[in-house]
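Colleague: Dropping in target08.pdb, with PDB, C-alpha atoms and all ligand atoms.
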```
ATOM      1  CA  MET H   1      26.299 -13.450  10.076
ATOM      2  CA  GLY H   2      25.552 -16.372   7.828
ATOM      3  CA  GLN H   3      27.659 -19.442   8.179
ATOM      4  CA  SER H   4      27.012 -21.640   5.162
ATOM      5  CA  ALA H   5      26.214 -25.200   6.200
ATOM      6  CA  ALA H   6      24.797 -27.214   3.329
ATOM      7  CA  VAL H   7      23.441 -27.262  -0.201
ATOM      8  CA  CYS H   8      20.428 -29.450  -0.884
ATOM      9  CA  ASP H   9      19.725 -31.672  -3.912
ATOM     10  CA  GLN H  10      19.726 -30.803  -7.639
ATOM     11  CA  LYS H  11      16.033 -29.886  -7.767
ATOM     12  CA  THR H  12      16.599 -26.911  -5.462
ATOM     13  CA  GLU H  13      19.362 -24.380  -5.127
ATOM     14  CA  PHE H  14      19.758 -23.038  -1.663
ATOM     15  CA  GLU H  15      22.091 -22.880   1.253
ATOM     16  CA  ILE H  16      21.224 -23.365   4.869
ATOM     17  CA  VAL H  17      22.690 -20.670   7.066
ATOM     18  CA  ARG H  18      22.356 -19.746  10.708
ATOM     19  CA  ASP H  19      21.809 -16.266  12.024
ATOM     20  CA  TRP H  20      23.232 -14.903  15.250
ATOM     21  CA  ASN H  21      20.221 -16.071  17.186
ATOM     22  CA  GLY H  22      20.599 -19.695  16.162
ATOM     23  CA  PHE H  23      17.568 -20.068  13.880
ATOM     24  CA  GLN H  24      18.091 -21.922  10.652
ATOM     25  CA  GLN H  25      17.544 -19.855   7.563
ATOM     26  CA  VAL H  26      17.490 -20.772   3.918
ATOM     27  CA  LEU H  27      19.397 -18.455   1.636
ATOM     28  CA  LEU H  28      18.181 -18.322  -1.967
ATOM     29  CA  ARG H  29      20.510 -16.726  -4.514
ATOM     30  CA  VAL H  30      20.463 -16.301  -8.267
ATOM     31  CA  PRO H  31      23.412 -15.359 -10.531
ATOM     32  CA  SER H  32      22.173 -11.766 -11.029
ATOM     33  CA  GLY H  33      22.972 -11.122  -7.338
ATOM     34  CA  ALA H  34      19.356 -11.051  -6.084
ATOM     35  CA  SER H  35      18.754 -13.043  -2.895
ATOM     36  CA  ALA H  36      16.131 -13.961  -0.319
ATOM     37  CA  ARG H  37      16.269 -15.470   3.169
ATOM     38  CA  VAL H  38      13.585 -17.648   4.688
ATOM     39  CA  CYS H  39      13.645 -18.475   8.382
ATOM     40  CA  LEU H  40      12.479 -21.903   9.490
ATOM     41  CA  TYR H  41      10.990 -20.240  12.562
ATOM     42  CA  GLY H  42       7.569 -19.072  11.352
ATOM     43  CA  GLY H  43       8.332 -19.892   7.708
ATOM     44  CA  GLN H  44       8.970 -16.165   7.568
ATOM     45  CA  ILE H  45      10.709 -14.470   4.646
ATOM     46  CA  ILE H  46      13.102 -12.166   6.445
ATOM     47  CA  SER H  47      14.923 -10.605   3.509
ATOM     48  CA  TRP H  48      14.503 -10.030  -0.224
ATOM     49  CA  ARG H  49      17.247  -8.142  -2.034
ATOM     50  CA  ASN H  50      17.547  -7.031  -5.612
ATOM     51  CA  GLU H  51      20.632  -7.480  -7.801
ATOM     52  CA  ARG H  52      22.162  -4.298  -6.313
ATOM     53  CA  GLY H  53      21.835  -5.700  -2.782
ATOM     54  CA  GLU H  54      19.050  -3.253  -1.791
ATOM     55  CA  GLU H  55      16.651  -4.631   0.819
ATOM     56  CA  LEU H  56      13.083  -4.598  -0.484
ATOM     57  CA  LEU H  57      11.295  -5.828   2.645
ATOM     58  CA  PHE H  58      11.209  -3.804   5.837
ATOM     59  CA  THR H  59      12.611  -5.259   9.070
ATOM     60  CA  SER H  60      12.347  -3.240  12.251
ATOM     61  CA  CYS H  61      15.620  -2.331  13.919
ATOM     62  CA  LYS H  62      13.906  -3.441  17.137
ATOM     63  CA  ALA H  63      12.723  -6.759  15.677
ATOM     64  CA  ASN H  64      12.575  -9.536  18.222
ATOM     65  CA  PHE H  65      13.784 -12.929  17.023
ATOM     66  CA  LYS H  66      12.794 -14.717  20.216
ATOM     67  CA  PRO H  67       9.863 -17.185  20.297
ATOM     68  CA  PRO H  68       6.956 -16.960  20.832
ATOM     69  CA  LYS H  69       7.077 -13.554  19.089
ATOM     70  CA  ALA H  70       7.089 -13.252  15.310
ATOM     71  CA  MET H  71       9.755 -10.977  13.881
ATOM     72  CA  ARG H  72       8.388  -7.507  12.965
ATOM     73  CA  GLY H  73       9.004  -7.309   9.223
ATOM     74  CA  GLY H  74       9.458  -9.459   6.110
ATOM     75  CA  VAL H  75       6.592 -11.692   5.013
ATOM     76  CA  SER H  76       4.803 -13.800   7.661
ATOM     77  CA  ILE H  77       2.124 -16.383   7.190
ATOM     78  CA  TYR H  78      -1.128 -15.908   9.073
ATOM     79  CA  PHE H  79      -3.000 -19.207   9.315
ATOM     80  CA  PRO H  80      -5.600 -20.508  10.195
ATOM     81  CA  GLN H  81      -6.858 -17.131  11.387
ATOM     82  CA  PHE H  82      -6.399 -13.488  10.499
ATOM     83  CA  GLY H  83      -6.182 -10.963  13.347
ATOM     84  CA  HIS H  84      -8.923 -11.440  15.919
ATOM     85  CA  TYR H  85     -11.393 -12.670  13.276
ATOM     86  CA  GLY H  86     -11.823 -16.012  15.129
ATOM     87  CA  LEU H  87     -11.291 -17.874  18.372
ATOM     88  CA  LEU H  88      -7.532 -18.372  18.197
ATOM     89  CA  GLY H  89      -4.856 -15.896  19.273
ATOM     90  CA  GLN H  90      -3.994 -12.916  17.042
ATOM     91  CA  GLN H  91      -3.006 -14.083  13.497
ATOM     92  CA  GLY H  92      -3.244 -17.866  14.125
ATOM     93  CA  PHE H  93      -0.249 -19.981  15.050
ATOM     94  CA  THR H  94       1.883 -20.767  11.992
ATOM     95  CA  ARG H  95       4.102 -17.705  12.361
ATOM     96  CA  ASN H  96       5.342 -19.009  15.721
ATOM     97  CA  LYS H  97       6.133 -22.576  14.632
ATOM     98  CA  MET H  98       9.272 -24.282  13.432
ATOM     99  CA  TRP H  99       8.890 -25.438   9.814
ATOM    100  CA  SER H 100      10.957 -28.186   8.180
ATOM    101  CA  ILE H 101      12.608 -28.320   4.754
ATOM    102  CA  ASP H 102      11.373 -30.807   2.168
ATOM    103  CA  CYS H 103      14.526 -31.816   0.274
ATOM    104  CA  ASP H 104      12.590 -33.748  -2.364
ATOM    105  CA  PRO H 105       9.687 -31.455  -3.243
ATOM    106  CA  PRO H 106       7.113 -32.326  -5.912
ATOM    107  CA  ALA H 107       6.877 -30.192  -9.076
ATOM    108  CA  LEU H 108       3.898 -27.858  -8.747
ATOM    109  CA  HIS H 109       3.724 -27.052 -12.441
ATOM    110  CA  PRO H 110       4.936 -29.252 -15.309
ATOM    111  CA  ASN H 111       6.796 -26.257 -16.805
ATOM    112  CA  ASP H 112       8.678 -25.436 -13.559
ATOM    113  CA  SER H 113      12.031 -24.344 -14.944
ATOM    114  CA  ASN H 114      15.363 -24.933 -13.230
ATOM    115  CA  GLU H 115      16.373 -21.319 -13.719
ATOM    116  CA  LYS H 116      15.578 -20.201 -10.202
ATOM    117  CA  ALA H 117      16.343 -20.826  -6.569
ATOM    118  CA  CYS H 118      13.579 -22.492  -4.651
ATOM    119  CA  VAL H 119      12.804 -24.111  -1.313
ATOM    120  CA  ASP H 120       9.795 -25.988   0.071
ATOM    121  CA  LEU H 121       8.983 -25.741   3.766
ATOM    122  CA  LEU H 122       6.479 -28.003   5.477
ATOM    123  CA  LEU H 123       4.332 -27.643   8.557
ATOM    124  CA  THR H 124       2.079 -30.271  10.111
ATOM    125  CA  PRO H 125       0.369 -29.711  13.455
ATOM    126  CA  LEU H 126       1.801 -31.006  16.719
ATOM    127  CA  ASP H 127      -0.322 -31.995  19.723
ATOM    128  CA  ALA H 128      -0.191 -28.438  21.095
ATOM    129  CA  GLU H 129      -1.739 -26.972  17.909
ATOM    130  CA  LEU H 130      -4.310 -29.778  17.705
ATOM    131  CA  LYS H 131      -5.523 -28.847  21.174
ATOM    132  CA  CYS H 132      -6.406 -25.289  20.127
ATOM    133  CA  TRP H 133      -7.381 -26.120  16.505
ATOM    134  CA  PRO H 134      -8.296 -29.819  16.189
ATOM    135  CA  HIS H 135      -7.714 -30.277  12.444
ATOM    136  CA  CYS H 136      -4.955 -32.230  10.757
ATOM    137  CA  PHE H 137      -3.388 -30.419   7.821
ATOM    138  CA  GLU H 138      -0.224 -30.293   5.781
ATOM    139  CA  PHE H 139       0.997 -26.822   4.856
ATOM    140  CA  ARG H 140       3.551 -26.640   2.041
ATOM    141  CA  LEU H 141       5.190 -23.258   1.531
ATOM    142  CA  ARG H 142       7.238 -22.872  -1.642
ATOM    143  CA  VAL H 143       9.460 -19.801  -1.892
ATOM    144  CA  THR H 144      11.034 -19.155  -5.289
ATOM    145  CA  LEU H 145      13.449 -16.484  -6.431
ATOM    146  CA  SER H 146      13.466 -16.174 -10.213
ATOM    147  CA  MET H 147      16.477 -15.191 -12.325
ATOM    148  CA  ASP H 148      15.180 -11.615 -12.594
ATOM    149  CA  GLY H 149      14.785 -11.345  -8.803
ATOM    150  CA  ASP H 150      10.988 -11.760  -8.555
ATOM    151  CA  LEU H 151       9.873 -13.485  -5.386
ATOM    152  CA  THR H 152       7.058 -16.025  -5.582
ATOM    153  CA  VAL H 153       5.428 -17.619  -2.549
ATOM    154  CA  ILE H 154       2.979 -20.466  -3.008
ATOM    155  CA  SER H 155       1.017 -21.860  -0.061
ATOM    156  CA  ARG H 156      -0.710 -25.217  -0.321
ATOM    157  CA  VAL H 157      -2.895 -26.379   2.540
ATOM    158  CA  ARG H 158      -4.171 -29.967   2.425
ATOM    159  CA  ASN H 159      -6.859 -31.405   4.649
ATOM    160  CA  ILE H 160      -5.517 -34.711   5.984
ATOM    161  CA  ASN H 161      -8.309 -34.840   8.535
ATOM    162  CA  GLY H 162     -11.408 -37.013   8.526
ATOM    163  CA  LYS H 163     -13.604 -33.888   8.727
ATOM    164  CA  PRO H 164     -13.952 -30.608   6.827
ATOM    165  CA  PHE H 165     -12.341 -27.465   8.231
ATOM    166  CA  SER H 166     -12.235 -23.803   7.315
ATOM    167  CA  PHE H 167      -9.556 -21.171   7.718
ATOM    168  CA  SER H 168      -8.523 -17.650   6.867
ATOM    169  CA  PHE H 169      -5.055 -16.658   5.732
ATOM    170  CA  ALA H 170      -2.713 -13.769   4.942
ATOM    171  CA  TYR H 171       0.739 -13.060   3.544
ATOM    172  CA  HIS H 172       1.594 -10.285   6.011
ATOM    173  CA  THR H 173       4.047  -8.322   3.839
ATOM    174  CA  TYR H 174       6.145  -5.359   5.038
ATOM    175  CA  PHE H 175       7.365  -3.370   2.039
ATOM    176  CA  SER H 176      10.360  -1.157   2.621
ATOM    177  CA  VAL H 177       9.525   2.403   1.489
ATOM    178  CA  SER H 178      11.463   5.676   1.462
ATOM    179  CA  ASP H 179       8.784   7.680   3.273
ATOM    180  CA  ILE H 180       5.155   6.670   3.763
ATOM    181  CA  SER H 181       3.988  10.144   2.711
ATOM    182  CA  GLU H 182       5.535   9.506  -0.742
ATOM    183  CA  VAL H 183       3.750   6.216  -1.290
ATOM    184  CA  ARG H 184       0.645   5.438  -3.317
ATOM    185  CA  VAL H 185      -1.243   2.171  -3.740
ATOM    186  CA  GLU H 186      -2.994   1.613  -7.068
ATOM    187  CA  GLY H 187      -5.581  -1.044  -7.831
ATOM    188  CA  LEU H 188      -7.871  -0.729  -4.787
ATOM    189  CA  GLU H 189      -9.883   2.324  -5.950
ATOM    190  CA  THR H 190     -13.688   2.045  -5.705
ATOM    191  CA  LEU H 191     -13.521  -1.235  -3.761
ATOM    192  CA  ASP H 192     -15.367  -1.994  -0.528
ATOM    193  CA  TYR H 193     -13.295  -2.407   2.612
ATOM    194  CA  LEU H 194     -13.777  -3.342   6.259
ATOM    195  CA  ASP H 195     -12.203  -0.756   8.524
ATOM    196  CA  ASN H 196     -10.466  -2.420  11.493
ATOM    197  CA  LEU H 197     -10.264   1.019  13.124
ATOM    198  CA  CYS H 198     -14.112   1.302  13.065
ATOM    199  CA  GLN H 199     -15.220  -2.133  14.346
ATOM    200  CA  ARG H 200     -14.884  -3.562  10.819
ATOM    201  CA  GLU H 201     -17.570  -1.270   9.430
ATOM    202  CA  ARG H 202     -17.895  -1.549   5.648
ATOM    203  CA  PHE H 203     -16.986   1.464   3.489
ATOM    204  CA  THR H 204     -16.323   2.071  -0.194
ATOM    205  CA  GLU H 205     -12.987   3.524  -1.253
ATOM    206  CA  GLN H 206     -13.460   6.880  -2.946
ATOM    207  CA  GLY H 207     -11.214   8.783  -5.263
ATOM    208  CA  ASP H 208      -7.944   7.842  -6.838
ATOM    209  CA  ALA H 209      -5.097   5.810  -5.517
ATOM    210  CA  LEU H 210      -4.562   5.368  -1.758
ATOM    211  CA  THR H 211      -2.176   7.775  -0.070
ATOM    212  CA  PHE H 212      -1.243   7.921   3.618
ATOM    213  CA  GLU H 213      -1.467  10.665   6.242
ATOM    214  CA  SER H 214      -2.642   8.755   9.334
ATOM    215  CA  GLU H 215      -3.078   5.261  10.743
ATOM    216  CA  VAL H 216      -4.713   2.791   8.369
ATOM    217  CA  ASP H 217      -5.915  -0.782   8.991
ATOM    218  CA  ARG H 218      -8.324  -1.934   6.288
ATOM    219  CA  VAL H 219      -9.363  -5.167   4.633
ATOM    220  CA  TYR H 220     -10.140  -4.505   0.945
ATOM    221  CA  LEU H 221     -12.563  -7.066  -0.459
ATOM    222  CA  GLY H 222     -12.538  -8.861  -3.795
ATOM    223  CA  THR H 223      -9.375  -7.121  -4.987
ATOM    224  CA  PRO H 224      -7.866  -7.468  -8.491
ATOM    225  CA  ASN H 225      -5.049  -9.937  -9.055
ATOM    226  CA  VAL H 226      -2.537  -7.146  -9.613
ATOM    227  CA  VAL H 227      -1.976  -4.220  -7.237
ATOM    228  CA  ALA H 228       0.935  -1.757  -7.217
ATOM    229  CA  VAL H 229       2.747   0.119  -4.444
ATOM    230  CA  LEU H 230       4.466   3.176  -5.922
ATOM    231  CA  ASP H 231       7.316   4.848  -4.054
ATOM    232  CA  HIS H 232       7.936   8.245  -5.671
ATOM    233  CA  GLU H 233      11.057   9.154  -3.777
ATOM    234  CA  LYS H 234      12.755   5.820  -4.491
ATOM    235  CA  LYS H 235      11.334   5.789  -8.042
ATOM    236  CA  ARG H 236      10.444   2.181  -7.383
ATOM    237  CA  THR H 237       7.198   0.263  -7.742
ATOM    238  CA  PHE H 238       6.311  -3.022  -6.110
ATOM    239  CA  VAL H 239       3.973  -5.022  -8.310
ATOM    240  CA  ILE H 240       1.930  -7.561  -6.357
ATOM    241  CA  ARG H 241       0.397 -10.357  -8.401
ATOM    242  CA  LYS H 242      -1.736 -12.924  -6.652
ATOM    243  CA  ALA H 243      -4.144 -15.809  -7.156
ATOM    244  CA  GLY H 244      -6.480 -17.594  -4.721
ATOM    245  CA  VAL H 245      -6.174 -14.747  -2.166
ATOM    246  CA  PRO H 246      -8.999 -12.298  -2.980
ATOM    247  CA  ASP H 247      -8.704  -9.778  -0.120
ATOM    248  CA  MET H 248      -5.977  -7.283   0.689
ATOM    249  CA  VAL H 249      -5.054  -5.759   4.033
ATOM    250  CA  VAL H 250      -3.429  -2.322   4.066
ATOM    251  CA  TRP H 251      -1.829  -1.435   7.396
ATOM    252  CA  ASN H 252       0.385   1.279   8.814
ATOM    253  CA  PRO H 253       0.320   1.864  12.599
ATOM    254  CA  TRP H 254       1.376   5.535  12.299
ATOM    255  CA  GLU H 255       3.022   7.546  15.055
ATOM    256  CA  ARG H 256       0.955   6.934  18.197
ATOM    257  CA  LYS H 257       0.609   3.167  17.767
ATOM    258  CA  ALA H 258       4.250   2.799  16.691
ATOM    259  CA  LYS H 259       5.357   4.410  19.955
ATOM    260  CA  ASN H 260       3.438   1.742  21.881
ATOM    261  CA  MET H 261       4.951  -1.165  19.956
ATOM    262  CA  MET H 262       7.993  -2.639  21.691
ATOM    263  CA  ASP H 263       9.425  -4.088  18.483
ATOM    264  CA  LEU H 264       9.035  -1.028  16.243
ATOM    265  CA  GLY H 265      11.124   2.146  16.448
ATOM    266  CA  ASP H 266       9.171   5.372  17.098
ATOM    267  CA  GLU H 267       9.841   6.727  13.591
ATOM    268  CA  GLU H 268       9.990   3.430  11.712
ATOM    269  CA  TYR H 269       6.339   3.559  10.636
ATOM    270  CA  LYS H 270       7.550   5.988   7.958
ATOM    271  CA  GLN H 271       9.722   3.334   6.303
ATOM    272  CA  MET H 272       7.134   0.558   6.057
ATOM    273  CA  LEU H 273       3.797  -0.271   4.523
ATOM    274  CA  CYS H 274       2.020  -3.603   4.923
ATOM    275  CA  VAL H 275      -0.029  -4.750   1.960
ATOM    276  CA  ASP H 276      -1.156  -8.304   2.657
ATOM    277  CA  ALA H 277      -2.761 -10.605   0.105
ATOM    278  CA  ALA H 278      -5.321 -12.432   2.238
ATOM    279  CA  VAL H 279      -8.420 -14.596   2.554
ATOM    280  CA  ILE H 280     -10.622 -12.997   5.202
ATOM    281  CA  GLU H 281     -14.201 -12.228   4.186
ATOM    282  CA  ARG H 282     -14.982 -15.731   2.917
ATOM    283  CA  PRO H 283     -12.837 -18.339   4.671
ATOM    284  CA  ILE H 284     -11.648 -21.362   2.693
ATOM    285  CA  ASN H 285     -13.575 -24.581   3.358
ATOM    286  CA  LEU H 286     -11.636 -27.782   2.757
ATOM    287  CA  LYS H 287     -13.215 -31.229   2.704
ATOM    288  CA  PRO H 288     -11.100 -34.256   3.670
ATOM    289  CA  GLY H 289      -8.392 -34.828   1.047
ATOM    290  CA  GLU H 290      -8.895 -31.403  -0.613
ATOM    291  CA  GLU H 291      -6.114 -28.881  -1.154
ATOM    292  CA  TRP H 292      -6.112 -25.076  -1.432
ATOM    293  CA  THR H 293      -3.448 -23.004  -3.190
ATOM    294  CA  GLY H 294      -2.722 -19.305  -2.631
ATOM    295  CA  ARG H 295      -0.064 -17.611  -4.730
ATOM    296  CA  LEU H 296       1.794 -14.334  -4.260
ATOM    297  CA  GLU H 297       4.340 -12.907  -6.692
ATOM    298  CA  LEU H 298       6.326  -9.769  -5.873
ATOM    299  CA  SER H 299       8.393  -7.711  -8.322
ATOM    300  CA  ALA H 300      10.249  -4.465  -7.677
ATOM    301  CA  VAL H 301      10.615  -2.396 -10.837
ATOM    302  CA  PRO H 302      11.796   1.155 -11.559
ATOM    303  CA  SER H 303       8.784   3.509 -11.613
ATOM    304  CA  SER H 304       9.744   4.710 -15.084
ATOM    305  CA  TYR H 305       9.115   1.176 -16.311
ATOM    306  CA  CYS H 306       5.712   1.218 -14.647
ATOM    307  CA  SER H 307       4.350   4.295 -16.317
ATOM    308  CA  ASP H 308       4.367   2.334 -19.568
ATOM    309  CA  HIS H 309       3.441  -1.093 -18.311
ATOM    310  CA  LEU H 310       1.476  -0.721 -15.093
ATOM    311  CA  ASP H 311      -1.948  -0.201 -16.647
ATOM    312  CA  HIS H 312      -1.418  -3.386 -18.531
ATOM    313  CA  HIS H 313      -0.368  -5.181 -15.313
ATOM    314  CA  LEU H 314      -3.319  -3.793 -13.404
ATOM    315  CA  LEU H 315      -5.697  -5.110 -16.010
ATOM    316  CA  GLY H 316      -3.920  -8.434 -16.229
ATOM    317  CA  VAL H 317      -5.060 -11.695 -14.705
ATOM    318  CA  MET H 318      -2.578 -14.278 -13.548
TER     319      MET H 318
HETATM  320  O1  LIG H 401       1.241  -6.984  15.643
HETATM  321  P1  LIG H 401       0.824  -8.040  14.680
HETATM  322  O2  LIG H 401       0.047  -9.165  15.324
HETATM  323  O3  LIG H 401       1.966  -8.541  13.862
HETATM  324  O4  LIG H 401      -0.198  -7.398  13.675
HETATM  325  C1  LIG H 401       0.125  -6.254  12.984
HETATM  326  C2  LIG H 401      -1.067  -5.750  12.197
HETATM  327  O5  LIG H 401      -1.298  -6.620  11.113
HETATM  328  C3  LIG H 401      -2.307  -6.181  10.221
HETATM  329  O6  LIG H 401      -2.416  -7.105   9.184
HETATM  330  C4  LIG H 401      -3.613  -6.045  10.971
HETATM  331  O7  LIG H 401      -4.621  -5.609  10.101
HETATM  332  C5  LIG H 401      -3.448  -5.104  12.142
HETATM  333  O8  LIG H 401      -4.658  -4.997  12.861
HETATM  334  C6  LIG H 401      -2.322  -5.578  13.030
HETATM  335  O9  LIG H 401      -2.126  -4.664  14.093
END
```
Is it possible to give me this structure as structure tokens?

Modeller:
Amino acid sequence: MGQSAAVCDQKTEFEIVRDWNGFQQVLLRVPSGASARVCLYGGQIISWRNERGEELLFTSCKANFKPPKAMRGGVSIYFPQFGHYGLLGQQGFTRNKMWSIDCDPPALHPNDSNEKACVDLLLTPLDAELKCWPHCFEFRLRVTLSMDGDLTVISRVRNINGKPFSFSFAYHTYFSVSDISEVRVEGLETLDYLDNLCQRERFTEQGDALTFESEVDRVYLGTPNVVAVLDHEKKRTFVIRKAGVPDMVVWNPWERKAKNMMDLGDEEYKQMLCVDAAVIERPINLKPGEEWTGRLELSAVPSSYCSDHLDHHLLGVM
């Protein structure tokens, strides 16, 4: 797959490719060999590979690329609603929409260096969206792959409406793991969470790091800006750094639910863990003309590296 079609202007470095199903994708590549693919359908990140070509995001072998379904895997954007926490359909509507590429994007930071591959996608509501959510917005999604292979996703939502609106949001992120029973999440200890499996009842996390032996679907509240997903078997740690997205969803459907999901293989729950940086407990309120920014930065590092540096990362603030 992957017929190269175009390269955009000097500010960005990406190719536009098409997959077998006809959707346009943007391929980001850096000289080290790391790469990422972003699909214009849903603004979804469908692949993130390190310099050795290893896939870091999970994609189900039964993933469905046909609208109106979102593809099971990668990183999807949930906006303006998370789950059933609102009046819209599950997870809002942005993951089912066609985004466009901005070929002349503004600099977000004055020190934005050229040493990375980057693309800006844009979404503005059509009449159909305005009927179910009557608020005019511009959503700018910037996906950046740095020279060392780190993936940064910055969402900017601007109110271009005459009235205020509020929304919730999530970066629904499927990490690829060797075996869920070998995985540990660090950084969420002692925090309060809402348990989606118990009518969103509020609990406090006890004990050490999170490990997994059954279905989990929790919204951790007021989480630190750095959280780590350690995969012992792979000797790999995902470091999640974030800003503007205080909550964190941890989800694995486990065996019984996986068997009932058409787009997930019966055993595939073992190879995935969703850890979503999100805004759920306190939705964002935007007045006319205001803009909100939510940032997610993902790194995959050898676990040996982490033993020395992780504590520092976990204490760090972006
Ligand atoms: O099947 P979907 O809509 O992609 O959602 C998958 C899961 O996403 C998680 O973020 C939610 O907490 C779960 O409740 C949900 O089942």

Colleague: Take CA of Thr152 (chain H) and CA of Ala228 (chain H) and report the distance between them in Å, one decimal.

Modeller: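 One can read the CA of Thr152 (chain H) to CA of Ala228 (chain H) distance as 15.6 Å.
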
Colleague: Which residues match the PyMOL selection byres (((chain H and resi 199) around 12) and not hetatm) in the file above, as a list of chain:residue names?

Modeller: H:His84, H:Tyr85, H:Tyr193, H:Leu194, H:Asp195, H:Asn196, H:Leu197, H:Cys198, H:Arg200, H:Glu201, H:Arg202, H:Phe203, H:Asp217, H:Arg218, H:Val219

Colleague: Can you list every residue of chain H that has an atom at most 7 Å from ligand LIG 401 (chain H), with its nearest atom pair and the distance in Å to one decimal, using all atoms listed in the file, ordered by chain then number, as a Markdown table?

Modeller:
```
| residue | atom | partner | partner_atom | distance |
| --- | --- | --- | --- | --- |
| H:Arg72 | CA | H:LIG401 | O3 | 6.6 |
| H:Gly83 | CA | H:LIG401 | C4 | 6.0 |
| H:Gln90 | CA | H:LIG401 | O2 | 5.8 |
| H:Gln91 | CA | H:LIG401 | O2 | 6.1 |
| H:His172 | CA | H:LIG401 | O6 | 6.0 |
| H:Asn196 | CA | H:LIG401 | O8 | 6.5 |
| H:Asp217 | CA | H:LIG401 | O7 | 5.1 |
| H:Arg218 | CA | H:LIG401 | O7 | 6.5 |
| H:Val249 | CA | H:LIG401 | O6 | 5.9 |
| H:Val250 | CA | H:LIG401 | O7 | 7.0 |
| H:Trp251 | CA | H:LIG401 | C3 | 5.5 |
| H:Asp276 | CA | H:LIG401 | O6 | 6.8 |
```

Colleague: Keeping only C-alpha atoms, write those residues as a JSON list (two decimals), keeping the file's coordinate frame.

Modeller:
```json
[["chain", "number", "residue", "atom", "x", "y", "z"],
["H", 72, "ARG", "CA", 8.39, -7.51, 12.96],
["H", 83, "GLY", "CA", -6.18, -10.96, 13.35],
["H", 90, "GLN", "CA", -3.99, -12.92, 17.04],
["H", 91, "GLN", "CA", -3.01, -14.08, 13.50],
["H", 172, "HIS", "CA", 1.59, -10.28, 6.01],
["H", 196, "ASN", "CA", -10.47, -2.42, 11.49],
["H", 217, "ASP", "CA", -5.92, -0.78, 8.99],
["H", 218, "ARG", "CA", -8.32, -1.93, 6.29],
["H", 249, "VAL", "CA", -5.05, -5.76, 4.03],
["H", 250, "VAL", "CA", -3.43, -2.32, 4.07],
["H", 251, "TRP", "CA", -1.83, -1.44, 7.40],
["H", 276, "ASP", "CA", -1.16, -8.30, 2.66]]
```

Colleague: Padding of 3 Å on every side, edges along x, y and z, all listed atoms of region 263-279 of chain H included: what centre and edge lengths in Å, to one decimal, does that box have, as lines of an AutoDock Vina configuration file?

Modeller:
```
center_x = 1.4
center_y = -3.9
center_z = 9.3
size_x = 25.5
size_y = 27.3
size_z = 24.4
```

Colleague: May I have the residues within 12 Å of Leu126 (chain H) as a list in words, using only C-alpha atoms and disregarding those fewer than 3 positions away in the same chain?

Modeller: Phe93, Thr94, Lys97, Met98, Trp99, Leu123, Glu129, Leu130, Lys131, Cys132, Trp133, Pro134, His135, Cys136, Phe137 and Glu138 of chain H

Colleague: Under the PyMOL selection byres (((chain H and resi 71) around 9) and not hetatm), which residues of this model are included? Write them out as a list in words.

Modeller: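 What the PyMOL selection byres (((chain H and resi 71) around 9) and not hetatm) grabs from the file is Gly42, Gln44, Ile46, Thr59, Ser60, Ala63, Asn64, Phe65, Lys66, Pro67, Lys69, Ala70, Arg72, Gly73, Gly74, Ser76, Arg95 and Asp263 of chain H.
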
Colleague: Of the candidates H:Phe175, H:Leu122, H:Leu273, H:Val216, which shows the shortest atom-to-atom distance to Glu55 (chain H), using all atoms listed in the file?

Modeller: H:Phe175

Colleague: What residues come out when you apply the PyMOL selection byres (((chain H and resi 293) around 10) and not hetatm) to this file, written as a PyMOL selection string?

Modeller: chain H and resi 139-141+154-158+243-245+291-292+294-295

Colleague: Just to be explicit: take each residue in the selection above, keep C-alpha atoms, and write the result as an mmCIF file, keeping the file's coordinate frame.

Modeller:
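Printed below is out12.cif as written:
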```cif
data_model
loop_
_atom_site.group_PDB
_atom_site.id
_atom_site.type_symbol
_atom_site.label_atom_id
_atom_site.label_comp_id
_atom_site.auth_asym_id
_atom_site.auth_seq_id
_atom_site.Cartn_x
_atom_site.Cartn_y
_atom_site.Cartn_z
ATOM 1 C CA PHE H 139 0.997 -26.822 4.856
ATOM 2 C CA ARG H 140 3.551 -26.640 2.041
ATOM 3 C CA LEU H 141 5.190 -23.258 1.531
ATOM 4 C CA ILE H 154 2.979 -20.466 -3.008
ATOM 5 C CA SER H 155 1.017 -21.860 -0.061
ATOM 6 C CA ARG H 156 -0.710 -25.217 -0.321
ATOM 7 C CA VAL H 157 -2.895 -26.379 2.540
ATOM 8 C CA ARG H 158 -4.171 -29.967 2.425
ATOM 9 C CA ALA H 243 -4.144 -15.809 -7.156
ATOM 10 C CA GLY H 244 -6.480 -17.594 -4.721
ATOM 11 C CA VAL H 245 -6.174 -14.747 -2.166
ATOM 12 C CA GLU H 291 -6.114 -28.881 -1.154
ATOM 13 C CA TRP H 292 -6.112 -25.076 -1.432
ATOM 14 C CA GLY H 294 -2.722 -19.305 -2.631
ATOM 15 C CA ARG H 295 -0.064 -17.611 -4.730
#
```

Colleague: Phe238 (chain H): which residues within 12 Å, counting only C-alpha atoms, same-chain residues fewer than 4 positions away excluded, as a ChimeraX atom specification?

Modeller: /H:50,56-57,150-151,173-177,183-186,226-232,234,273-275,297-303,305-306,310,313

Colleague: What's the 8 Å shell around Pro224 (chain H), counting only C-alpha atoms, without same-chain residues fewer than 2 positions away, as a PyMOL selection string?

Modeller: chain H and resi 187-188+222+226-227+246+314

Colleague: Quote the spacing between CA of Leu145 (chain H) and CA of Ala34 (chain H) in Å to one decimal place.

Modeller: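 Taking CA of Leu145 (chain H) as the start and CA of Ala34 (chain H) as the end point, the length is 8.0 Å.
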
Colleague: What does the distance between CA of Glu182 (chain H) and CA of Lys235 (chain H) come to in Å, to one decimal place?

Modeller: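 These atoms are spaced 10.0 Å apart.
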